[in-house]
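Here the structure comes first, spelled out in structure tokens, and everything after it is commentary.
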Amino acid sequence: MRTFWKSATLTLIAIIFVACNAVKVDQDLSLANRQPVGKIPVPLKMNTDLVLVFTKTNGYRHASIEKGVATLKSLGLKNNFVISHSEDSLDFNPKNLKKYKVVIFLSTTLDVLGDEQQAAFEDYIKAGGSFMGIHAAADTEYEWPWYGKLVGAYFESHPGNPNVREAVIDVVDKLHGATEFLSDTWTRTDEWYNYKNINPDIKVLMKLDESTYEGGTNGANHPIAWFHEFDGGRSFYTGGGHTKESFDERDFQKHLLGGILYCLGR
């Protein structure tokens with residue numbers, strides 16, 4: 001009989017223990033699902049900044065264009081902006097351009113927009129839109145002076161054969177997001193442009209040191225990356241990006257990202 005009561009007592013204690021723990025679990029789940037008073041859940045931020053990358057060519061077509069587009073898309077996924085790629089001039093209309101915070105000309109060449117598209121793009125910039133040019137964006141629209149001032153300069157010539165060569169870049173402004181991570185000099189291999197009709201209002205970020213390679217014709221003032229505000233909008237340009245390998249360089253990717261973020265106003 002004593003064994004019976006002992007067994008019954010142990011059983012009763014076990015039941016009480018399980019029941020108490022069940023209540024505690026229910027309470028914990030309830031607390032976990034309860035929102036703090038006065039707090040509204042904040043959803044994850046979605047990609048809302050749209051960027052148009054335009055790559056139409058009517059002259060030389062760079063083999064690096066597709067690699068450049070892929071790199072810009074990858075940067076967008078990691079930095080909260082969405083890349084849309086086009087080679088259709090008709091996309092330059094008021095309704096469509098209004099969707100984008102930045103328009104990037106990636107190695108476009110020669111005449112790529114008609115009169116109506118040019119007017120629409122001018123209105124876009126005047127309304128506060130932003131432009132970014134990469135490499136041959138300076139080899140584009142020579143008969144459209146407004147565009148030349150927007151970019152900041154026109155392409156004039158190559159260094160000569162071979163066009164792709166190593167050079168030293170002097171980083172003259174390290175307060176910008178496109179250069180703040182660099183040392184005072186940056187040695188890299190690319191195709192280096194000589195420029196003409198350089199807009200005196202551009203703010204130069206980097207200059208080529210012509211003593212470090214052959215074929216430079218701009219002398220001591222040989223800008224290779226710059227930015228400025230123009231006609232209501234922002235503009236950024238970099239002369240790098242001729243080679244596919246450029247877009248694999250971590251520092252060049254960061255340089256591009258800094259330019260994009262400047263154009264986005266971040």
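Going by the structure tokens order, chains are called A, B, ..., each with residues numbered from 1, while ligands are numbered from 1 in the order shown.
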
Exercise: range 122-134 of chain A partners within 6 Å, only C-alpha atoms, chain neighbours under 5 positions left out, as a compact mmCIF listing (two decimals) with C-alpha atoms, in the first residue's frame:
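part.txt, freshly written:
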# COMPACT_ATOMS: atom_id res chain seq x y z
CA LYS A 101 16.89 58.72 -60.76
CA VAL A 102 20.05 58.21 -62.82
CA VAL A 103 20.80 57.59 -66.50
CA ILE A 104 24.18 55.95 -67.19
CA PHE A 105 25.78 56.11 -70.64
CA LEU A 106 28.06 53.06 -70.68
CA SER A 107 30.51 53.26 -73.60
CA ASP A 231 21.69 72.61 -65.67
CA GLY A 232 19.67 71.42 -62.67
CA GLY A 233 21.08 67.91 -62.29
CA ARG A 234 24.19 66.01 -61.24
CA SER A 235 26.85 64.57 -63.53
CA PHE A 236 29.69 62.12 -62.92
CA TYR A 237 32.19 60.76 -65.43
CA THR A 238 35.02 58.25 -65.32
CA CYS A 263 24.18 60.71 -58.67

*asked:* Residues near Gly68 in chain A, anyone? I mean within 9 Å using only C-alpha atoms, not counting same-chain ones fewer than 5 positions away, as a ChimeraX atom specification.
replied: /A:73,106,241,244,246-247

Residues from last step as file, C-alpha atoms, as a compact mmCIF listing (two decimals), in the first residue's frame:
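again30.txt, freshly written:
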# COMPACT_ATOMS: atom_id res chain seq x y z
CA LYS A 73 23.44 45.04 -61.95
CA LEU A 106 28.06 53.06 -70.68
CA GLY A 241 36.18 50.84 -68.33
CA LYS A 244 36.52 43.62 -69.48
CA SER A 246 38.29 46.69 -65.42
CA PHE A 247 34.93 45.52 -64.18

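Nearest to Asp170 in chain A of all the residues A:Tyr60, A:Trp186, A:Phe121, A:Tyr154 is A:Trp186, based on only C-alpha atoms.
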
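Within range 31-119 of chain A, DSSP run on the backbone puts these residues in strand (DSSP E): Asp49, Leu50, Val51, Leu52, Val53, Phe54, Phe81, Val82, Ile83, Ser84, His85, Ser86, Val102, Val103, Ile104, Phe105 and Leu106 of chain A.
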
*Using only C-alpha atoms, pick whichever of A:Lys99, A:Asp248, A:Ile65, A:Tyr213 has the shortest atom-to-atom distance to Leu52 in chain A.*
A:Lys99

Might you pull out every residue within 9 Å of Gly240 in chain A, with only C-alpha atoms counted and same-chain residues fewer than 2 positions away left off, and present them as a PDB file with N, CA and C atoms, in the first residue's frame?
ATOM      1  N   ILE A 134      30.472  56.578 -68.519  1.00  0.00           N
ATOM      2  CA  ILE A 134      31.583  55.648 -68.341  1.00  0.00           C
ATOM      3  C   ILE A 134      32.313  55.505 -69.668  1.00  0.00           C
ATOM      4  N   HIS A 135      33.611  55.751 -69.650  1.00  0.00           N
ATOM      5  CA  HIS A 135      34.529  55.583 -70.776  1.00  0.00           C
ATOM      6  C   HIS A 135      34.030  56.283 -72.047  1.00  0.00           C
ATOM      7  N   ALA A 136      33.519  55.537 -73.024  1.00  0.00           N
ATOM      8  CA  ALA A 136      33.209  56.121 -74.330  1.00  0.00           C
ATOM      9  C   ALA A 136      31.952  56.993 -74.333  1.00  0.00           C
ATOM     10  N   ASP A 190      44.422  50.384 -68.440  1.00  0.00           N
ATOM     11  CA  ASP A 190      43.179  50.653 -69.149  1.00  0.00           C
ATOM     12  C   ASP A 190      43.527  51.368 -70.454  1.00  0.00           C
ATOM     13  N   GLU A 191      42.513  51.782 -71.194  1.00  0.00           N
ATOM     14  CA  GLU A 191      42.719  52.614 -72.368  1.00  0.00           C
ATOM     15  C   GLU A 191      42.482  54.060 -71.959  1.00  0.00           C
ATOM     16  N   TRP A 192      43.515  54.875 -72.062  1.00  0.00           N
ATOM     17  CA  TRP A 192      43.455  56.236 -71.544  1.00  0.00           C
ATOM     18  C   TRP A 192      43.116  57.225 -72.647  1.00  0.00           C
ATOM     19  N   TYR A 193      42.049  57.968 -72.460  1.00  0.00           N
ATOM     20  CA  TYR A 193      41.629  58.970 -73.439  1.00  0.00           C
ATOM     21  C   TYR A 193      42.367  60.296 -73.223  1.00  0.00           C
ATOM     22  N   ILE A 224      40.769  62.469 -65.496  1.00  0.00           N
ATOM     23  CA  ILE A 224      40.302  61.148 -65.924  1.00  0.00           C
ATOM     24  C   ILE A 224      39.030  60.738 -65.194  1.00  0.00           C
ATOM     25  N   ALA A 225      38.657  61.487 -64.152  1.00  0.00           N
ATOM     26  CA  ALA A 225      37.366  61.278 -63.475  1.00  0.00           C
ATOM     27  C   ALA A 225      36.975  62.586 -62.804  1.00  0.00           C
ATOM     28  N   THR A 238      33.743  58.909 -65.503  1.00  0.00           N
ATOM     29  CA  THR A 238      35.025  58.247 -65.316  1.00  0.00           C
ATOM     30  C   THR A 238      35.512  57.731 -66.658  1.00  0.00           C
ATOM     31  N   HIS A 242      37.425  50.515 -70.401  1.00  0.00           N
ATOM     32  CA  HIS A 242      37.578  49.988 -71.762  1.00  0.00           C
ATOM     33  C   HIS A 242      37.655  48.463 -71.767  1.00  0.00           C
ATOM     34  N   THR A 243      38.391  47.918 -70.805  1.00  0.00           N
ATOM     35  CA  THR A 243      38.634  46.474 -70.796  1.00  0.00           C
ATOM     36  C   THR A 243      37.604  45.731 -69.948  1.00  0.00           C
ATOM     37  N   SER A 246      38.570  45.545 -66.291  1.00  0.00           N
ATOM     38  CA  SER A 246      38.292  46.694 -65.423  1.00  0.00           C
ATOM     39  C   SER A 246      37.156  46.397 -64.464  1.00  0.00           C
ATOM     40  N   PHE A 252      37.886  49.490 -58.862  1.00  0.00           N
ATOM     41  CA  PHE A 252      37.132  50.138 -59.933  1.00  0.00           C
ATOM     42  C   PHE A 252      35.628  49.984 -59.687  1.00  0.00           C
TER      43      PHE A 252
END
